[in-house]
$ cat data29.cif   # mmCIF, C-alpha atoms and all ligand atoms
data_start
#
loop_
_atom_site.label_atom_id
_atom_site.label_comp_id
_atom_site.auth_asym_id
_atom_site.auth_seq_id
_atom_site.Cartn_x
_atom_site.Cartn_y
_atom_site.Cartn_z
CA MET E 224 -128.31 -22.84 13.26
CA GLY E 225 -126.83 -25.39 10.81
CA LYS E 226 -124.40 -28.07 11.99
CA ASP E 227 -121.62 -26.76 9.70
CA LYS E 228 -121.92 -23.26 11.09
CA LEU E 229 -121.73 -24.53 14.67
CA LYS E 230 -118.66 -26.59 13.77
CA ARG E 231 -117.00 -23.53 12.24
CA PHE E 232 -117.80 -21.37 15.24
CA GLU E 233 -116.26 -24.01 17.48
CA GLU E 234 -113.14 -24.32 15.30
CA ASN E 235 -112.83 -20.51 15.16
CA LYS E 236 -112.04 -20.56 18.89
CA SER E 237 -108.89 -22.56 18.17
CA PHE E 238 -107.37 -20.17 15.60
CA ARG E 239 -104.55 -18.04 17.03
CA CYS E 240 -104.97 -15.61 14.14
CA LEU E 241 -108.66 -14.89 14.81
CA TYR E 242 -109.83 -12.33 17.34
CA GLN E 243 -113.48 -12.29 18.29
CA PRO E 244 -114.16 -9.56 20.83
CA GLU E 245 -117.44 -9.53 22.70
CA PHE E 246 -119.69 -6.55 21.98
CA GLU E 247 -118.79 -4.93 25.34
CA GLU E 248 -115.06 -5.24 24.54
CA VAL E 249 -115.24 -2.87 21.54
CA PHE E 250 -118.36 -0.80 22.17
CA ARG E 251 -116.99 2.67 22.90
CA LYS E 252 -114.11 1.00 24.67
CA ASP E 253 -110.55 0.28 23.52
CA HIS E 254 -109.94 -3.34 22.57
CA PHE E 255 -106.90 -4.89 24.24
CA MET E 256 -105.11 -5.18 20.86
CA LYS E 257 -105.49 -1.50 20.00
CA GLY E 258 -101.99 -0.16 19.27
CA LYS E 259 -100.51 -3.62 19.89
CA TRP E 260 -101.19 -5.60 16.73
CA ASN E 261 -97.55 -5.49 15.67
CA SER E 262 -95.89 -5.84 19.08
CA ASP E 263 -98.20 -8.52 20.50
CA HIS E 264 -99.45 -10.45 17.48
CA PHE E 265 -97.22 -10.10 14.42
CA LYS E 266 -94.02 -9.52 16.45
CA ASN E 267 -92.55 -7.15 13.87
CA SER E 268 -92.98 -3.55 12.78
CA ASN E 269 -94.22 -4.12 9.23
CA PRO E 270 -97.05 -1.99 7.78
CA ILE E 271 -100.56 -3.14 8.63
CA VAL E 272 -103.13 -3.49 5.85
CA LEU E 273 -106.85 -4.03 6.54
CA GLU E 274 -109.44 -5.75 4.37
CA LEU E 275 -112.85 -4.49 5.48
CA GLY E 276 -115.89 -6.69 4.90
CA CYS E 277 -113.45 -9.47 4.08
CA GLY E 278 -116.01 -12.31 3.97
CA ARG E 279 -113.94 -15.46 3.49
CA GLY E 280 -110.76 -13.40 3.51
CA GLU E 281 -109.55 -14.24 0.01
CA TYR E 282 -107.73 -10.91 -0.32
CA THR E 283 -106.22 -11.08 3.15
CA VAL E 284 -104.83 -14.56 2.48
CA ALA E 285 -103.73 -13.90 -1.12
CA LEU E 286 -101.95 -10.65 -0.22
CA ALA E 287 -100.33 -12.23 2.85
CA ARG E 288 -98.87 -14.95 0.60
CA ARG E 289 -97.55 -12.42 -1.91
CA GLU E 290 -96.30 -9.72 0.47
CA PRO E 291 -94.53 -11.23 3.48
CA LEU E 292 -93.22 -7.82 4.58
CA LYS E 293 -96.71 -6.51 5.31
CA ASN E 294 -99.24 -7.63 7.90
CA PHE E 295 -102.84 -8.20 6.83
CA ILE E 296 -105.98 -8.17 8.96
CA GLY E 297 -109.37 -9.15 7.55
CA VAL E 298 -112.36 -7.63 9.33
CA ASP E 299 -115.93 -8.87 9.09
CA ILE E 300 -118.84 -9.60 11.37
CA LYS E 301 -119.63 -13.03 9.91
CA GLY E 302 -117.66 -15.68 11.78
CA ALA E 303 -118.71 -18.59 9.59
CA ARG E 304 -117.31 -16.83 6.52
CA MET E 305 -114.05 -15.74 8.16
CA TRP E 306 -113.51 -19.32 9.28
CA ARG E 307 -112.38 -20.07 5.70
CA GLY E 308 -109.64 -17.43 5.72
CA ALA E 309 -108.52 -18.18 9.28
CA LYS E 310 -108.31 -21.91 8.53
CA THR E 311 -106.28 -21.39 5.36
CA ALA E 312 -103.94 -18.93 7.10
CA THR E 313 -103.47 -21.42 9.95
CA GLU E 314 -102.90 -24.43 7.69
CA GLU E 315 -100.41 -22.53 5.52
CA GLY E 316 -98.62 -21.00 8.50
CA LEU E 317 -99.21 -17.47 7.21
CA LEU E 318 -98.01 -15.56 10.24
CA ASN E 319 -98.70 -12.19 8.57
CA ALA E 320 -102.46 -12.80 8.24
CA ALA E 321 -104.98 -12.25 11.03
CA PHE E 322 -108.71 -11.74 11.34
CA LEU E 323 -110.89 -9.59 13.54
CA ARG E 324 -114.56 -10.39 13.95
CA CYS E 325 -116.11 -7.05 14.68
CA ARG E 326 -118.68 -4.59 13.37
CA ILE E 327 -116.78 -2.04 11.28
CA GLU E 328 -118.81 0.63 13.11
CA PHE E 329 -116.60 -0.18 16.14
CA ILE E 330 -113.29 -0.36 14.32
CA GLU E 331 -111.82 2.81 15.80
CA TRP E 332 -111.71 1.00 19.16
CA ALA E 333 -109.53 -1.73 17.69
CA PHE E 334 -106.77 0.33 16.05
CA ALA E 335 -104.67 3.23 17.37
CA PRO E 336 -103.90 6.46 15.49
CA GLY E 337 -101.43 5.77 12.68
CA GLU E 338 -101.52 2.00 13.25
CA VAL E 339 -102.84 1.16 9.76
CA SER E 340 -101.10 1.93 6.43
CA GLU E 341 -103.64 0.76 3.86
CA ILE E 342 -107.27 -0.31 3.63
CA TRP E 343 -108.93 -2.53 1.05
CA ILE E 344 -112.73 -2.53 0.86
CA THR E 345 -113.71 -5.51 -1.23
CA PHE E 346 -117.18 -5.76 -2.76
CA PRO E 347 -119.17 -4.18 0.04
CA ASP E 348 -122.94 -4.07 -0.15
CA PRO E 349 -123.65 -0.71 -1.89
CA GLN E 350 -126.43 0.02 0.67
CA ILE E 351 -128.34 2.05 -1.89
CA LYS E 352 -131.08 3.00 0.59
CA SER E 353 -128.95 3.73 3.62
CA GLU E 354 -125.93 5.99 3.21
CA ASN E 355 -124.89 5.59 6.85
CA LYS E 356 -124.31 1.86 6.33
CA ARG E 357 -122.15 2.39 3.22
CA LEU E 358 -118.54 1.53 4.00
CA THR E 359 -117.33 4.56 2.01
CA SER E 360 -119.80 7.08 3.49
CA PRO E 361 -118.44 10.16 5.31
CA ALA E 362 -119.28 8.52 8.66
CA PHE E 363 -117.03 5.52 7.86
CA ILE E 364 -114.29 7.65 6.29
CA GLU E 365 -114.12 9.63 9.56
CA ARG E 366 -113.67 6.36 11.47
CA TYR E 367 -110.85 5.23 9.15
CA LYS E 368 -109.08 8.59 9.46
CA LYS E 369 -108.69 7.97 13.17
CA PHE E 370 -106.21 5.14 12.62
CA LEU E 371 -104.98 5.46 9.02
CA LEU E 372 -101.49 6.94 8.61
CA PRO E 373 -101.33 10.35 6.87
CA GLY E 374 -101.00 9.50 3.17
CA GLY E 375 -102.47 6.05 3.84
CA VAL E 376 -104.27 4.55 0.86
CA ILE E 377 -107.86 3.28 0.69
CA ARG E 378 -108.82 0.98 -2.22
CA LEU E 379 -112.37 0.13 -3.16
CA LYS E 380 -113.02 -2.80 -5.47
CA THR E 381 -116.67 -3.08 -6.46
CA ASP E 382 -119.09 -4.33 -9.10
CA SER E 383 -121.54 -1.55 -8.18
CA SER E 384 -121.44 1.48 -10.47
CA PHE E 385 -123.66 3.22 -7.93
CA LEU E 386 -121.09 2.79 -5.15
CA TYR E 387 -118.19 3.59 -7.50
CA GLU E 388 -119.75 6.89 -8.66
CA TYR E 389 -120.90 7.76 -5.14
CA THR E 390 -117.41 7.25 -3.70
CA LEU E 391 -115.72 9.04 -6.60
CA ASP E 392 -117.96 12.10 -6.07
CA LEU E 393 -117.26 12.00 -2.35
CA VAL E 394 -113.47 11.86 -2.82
CA ASN E 395 -113.55 14.65 -5.40
CA SER E 396 -115.64 16.83 -3.09
CA ARG E 397 -113.30 16.62 -0.10
CA ASP E 398 -110.03 18.43 0.53
CA ASP E 399 -108.83 15.76 2.96
CA LEU E 400 -108.91 12.94 0.37
CA LEU E 401 -106.73 12.71 -2.71
CA LEU E 402 -107.86 10.67 -5.72
CA LEU E 403 -105.06 8.41 -6.97
CA GLU E 404 -106.90 6.25 -9.46
CA ALA E 405 -110.37 5.67 -10.84
CA ASN E 406 -110.91 2.77 -13.23
CA ASP E 407 -114.41 1.60 -14.09
CA ASP E 408 -113.38 -1.64 -15.80
CA ILE E 409 -110.13 -3.12 -14.48
CA TYR E 410 -110.27 -6.27 -16.60
CA GLY E 411 -111.50 -4.61 -19.83
CA SER E 412 -108.83 -1.90 -19.56
CA GLY E 413 -106.00 -4.32 -18.84
CA ARG E 414 -105.40 -2.67 -15.46
CA ALA E 415 -105.84 -5.87 -13.45
CA ASP E 416 -102.31 -6.83 -12.46
CA GLU E 417 -101.36 -9.79 -10.31
CA ILE E 418 -102.81 -8.23 -7.17
CA LEU E 419 -105.96 -6.74 -8.68
CA SER E 420 -106.65 -10.07 -10.37
CA VAL E 421 -107.12 -11.75 -6.99
CA LYS E 422 -110.81 -12.63 -7.02
CA THR E 423 -113.04 -12.80 -3.99
CA ARG E 424 -116.08 -15.05 -3.87
CA TYR E 425 -118.47 -12.19 -4.61
CA GLU E 426 -116.24 -10.88 -7.38
CA SER E 427 -116.26 -14.26 -9.15
CA GLN E 428 -120.06 -14.32 -8.96
CA PHE E 429 -120.40 -10.78 -10.34
CA LEU E 430 -117.90 -11.46 -13.12
CA ALA E 431 -119.83 -14.59 -14.14
CA GLN E 432 -122.93 -12.40 -14.40
CA GLY E 433 -121.09 -10.04 -16.76
CA TYR E 434 -120.57 -7.11 -14.38
CA LYS E 435 -117.58 -4.81 -14.83
CA ILE E 436 -115.26 -4.51 -11.86
CA HIS E 437 -114.40 -0.98 -10.72
CA LEU E 438 -111.42 0.26 -8.74
CA LEU E 439 -111.01 3.46 -6.77
CA GLU E 440 -107.79 4.33 -5.02
CA PHE E 441 -107.50 7.40 -2.82
CA ALA E 442 -105.28 8.64 -0.03
CA GLN E 443 -105.79 10.49 3.16
CA GLY E 444 -104.44 13.95 2.30
C1 LIG U 501 -120.98 -8.60 -0.18
S1 LIG U 501 -119.99 -9.32 1.06
C2 LIG U 501 -118.35 -9.30 0.34
C3 LIG U 501 -117.43 -10.28 1.02
C4 LIG U 501 -116.03 -10.39 0.40
N1 LIG U 501 -115.29 -9.15 0.52
C5 LIG U 501 -116.10 -10.80 -1.06
O1 LIG U 501 -115.84 -9.95 -1.93
O2 LIG U 501 -116.41 -11.98 -1.32
C6 LIG U 501 -119.89 -8.04 2.26
C7 LIG U 501 -119.26 -8.46 3.57
O3 LIG U 501 -119.16 -7.34 4.41
C8 LIG U 501 -119.55 -7.70 5.72
N2 LIG U 501 -120.06 -6.48 6.36
C9 LIG U 501 -120.97 -5.63 5.85
N3 LIG U 501 -121.20 -4.61 6.69
C10 LIG U 501 -120.41 -4.83 7.78
C11 LIG U 501 -120.18 -4.13 8.99
N4 LIG U 501 -120.81 -2.99 9.24
N5 LIG U 501 -119.30 -4.64 9.88
C12 LIG U 501 -118.64 -5.81 9.61
N6 LIG U 501 -118.82 -6.51 8.48
C13 LIG U 501 -119.68 -6.03 7.56
C14 LIG U 501 -120.60 -8.78 5.54
O4 LIG U 501 -120.68 -9.62 6.67
C15 LIG U 501 -120.08 -9.51 4.31
O5 LIG U 501 -119.25 -10.61 4.63
#
$ encode --input "data29.cif" --output "C-alpha cells" --more "lines below"
Ligand SMILES: C[S@@+](CC[C@H](N)C(=O)[O-])C[C@H]1O[C@@H](n2cnc3c(N)ncnc32)[C@H](O)[C@@H]1O
Amino acid sequence: MGKDKLKRFEENKSFRCLYQPEFEEVFRKDHFMKGKWNSDHFKNSNPIVLELGCGRGEYTVALARREPLKNFIGVDIKGARMWRGAKTATEEGLLNAAFLRCRIEFIEWAFAPGEVSEIWITFPDPQIKSENKRLTSPAFIERYKKFLLPGGVIRLKTDSSFLYEYTLDLVNSRDDLLLLEANDDIYGSGRADEILSVKTRYESQFLAQGYKIHLLEFAQG
C-alpha cells in the first residue's frame, strides 16, 4: 500500500465525523449508530440526507455548506477517498456533515426505519454486467426502503445513459416508486441549478470527455 494511503488511513482515525465500522459490526447486525445519528452525532432533529458511493464526498460537503438545516452523511467503502471529504468537513467545522465507511449492501444495519429523508446517488459504476451490484437495482431499492421516510426522495446523477434508462424503466414499472423528474442533459437543458451544478470528481472527468449528465428524481410512494 502507498505511503499516502497509509497516512490517510491513519488520519481517518482522528476524524470525529468519520465512522468506520468493522465488518462484524454491520454484517446482519445493527450498528451502534442506527436510529441515533441525530441524537448522538448531529445533536439536532434535522432531516438526514445520504450520498451513496460518495467517493471524496464533494456533494456531502457542498450540500452541508449550503444547507445548514439538514444533516448529510456520505457513504462509501473507500477510506482513502472519503479522507478528502472528512478532512474538509473537519477543517471547515461543518458539523452537519459526516461519513460512514461501509459497504452499501450493509446499509440497512446502519439506519433505522424513517431515519433518512433523501438519498443522492452520485455517479455510481453502472455495473452493466451485474444487475445485483447496481446501486439502483431492485435489491438496493428494497434496502433503501427500509430506512427512507415515506415520500422520501432518491436522486441519481449519472453520465451513463445505460444506468439512466435502466433506472427510469425500473421506476416506471413499479407502483411503490413515483417518478418526479427525468432529465437526460441537465447542463444542455439549463436544468442545472446551484445544487445540481455541484460537480464531483467523476462528473468533472465525464464532462471533460463530452458526456451528458443525466438526472433522475423519484420518491418512495
Ligand atoms: C465511480 S465512483 C463515484 C464517486 C463519487 N460519487 C464521484 O462522483 O466522484 C463510485 C464510488 O462508489 C463506491 N462504491 C461502489 N459500490 C459500492 C458499495 N457496494 N458499497 C460502498 N461503496 C461503493 C466506490 O468505492 C466509489 O468511490
$ atom_distance --input "data29.cif" --atom1 "CA of Glu274 in chain E" --atom2 "atom C14 of ligand LIG 501 (chain U)"
11.6 Å
$ closest_atom_pairs --input "data29.cif" --of "range 332-424 of chain E" --to "range 291-305 of chain E" --cutoff "12 Å" --atoms "all atoms listed in the file" --output "tab-separated table"
residue	atom	partner	partner_atom	distance
E:Ala333	CA	E:Val298	CA	10.6
E:Phe334	CA	E:Ile296	CA	11.1
E:Glu338	CA	E:Asn294	CA	11.2
E:Val339	CA	E:Asn294	CA	9.7
E:Ser340	CA	E:Lys293	CA	9.6
E:Glu341	CA	E:Phe295	CA	9.5
E:Ile342	CA	E:Ile296	CA	9.6
E:Trp343	CA	E:Gly297	CA	9.3
E:Ile344	CA	E:Val298	CA	9.9
E:Thr345	CA	E:Gly297	CA	10.4
E:Pro347	CA	E:Asp299	CA	10.7
E:Leu358	CA	E:Asp299	CA	11.9
E:Arg424	CA	E:Arg304	CA	10.6
$ residues_near_point --input "data29.cif" --point "(-107.1, 6.5, 14.6)" --cutoff "7 Å" --atoms "all atoms listed in the file" --output "list in words"
Glu331, Phe334, Ala335, Pro336, Gly337, Tyr367, Lys368, Lys369, Phe370 and Leu371 of chain E
$ closest_residue --input "data29.cif" --among "E:Leu401, E:Leu317, E:Ile351, E:Ile364" --to "Phe385 in chain E" --atoms "all atoms listed in the file"
E:Ile351
$ residues_around --input "data29.cif" --residues "Phe441 in chain E" --least-positions-apart "5" --cutoff "7 Å" --atoms "all atoms listed in the file" --output "PyMOL selection string"
chain E and resi 376-378+400-404
$ residues_around --input "data29.cif" --residues "Val284 in chain E" --least-positions-apart "4" --cutoff "7 Å" --atoms "all atoms listed in the file" --output "PyMOL selection string"
chain E and resi 280+288+308+312+320
$ write_last_selection --input "data29.cif" --atoms "C-alpha atoms" --output "PDB file, keeping the file's coordinate frame"
ATOM      1  CA  GLY E 280    -110.760 -13.400   3.510  1.00  0.00           C
ATOM      2  CA  ARG E 288     -98.870 -14.950   0.600  1.00  0.00           C
ATOM      3  CA  GLY E 308    -109.640 -17.430   5.720  1.00  0.00           C
ATOM      4  CA  ALA E 312    -103.940 -18.930   7.100  1.00  0.00           C
ATOM      5  CA  ALA E 320    -102.460 -12.800   8.240  1.00  0.00           C
TER       6      ALA E 320
END
$ closest_residue --input "data29.cif" --among "E:Phe322, E:Tyr282, E:Phe329, E:Tyr387" --to "Ile436 in chain E" --atoms "all atoms listed in the file"
E:Tyr387
$ closest_residue --input "data29.cif" --among "E:Asp408, E:Asp382, E:Glu245, E:Asp398" --to "ligand LIG 501 (chain U)" --atoms "all atoms listed in the file"
E:Asp382
$ residues_around --input "data29.cif" --residues "Thr423 in chain E" --least-positions-apart "2" --cutoff "6 Å" --atoms "all atoms listed in the file" --output "list of chain:residue names"
E:Glu281, E:Tyr425, E:Glu426
$ atom_distance --input "data29.cif" --atom1 "CA of Phe238 in chain E" --atom2 "atom O3 of ligand LIG 501 (chain U)"
20.7 Å
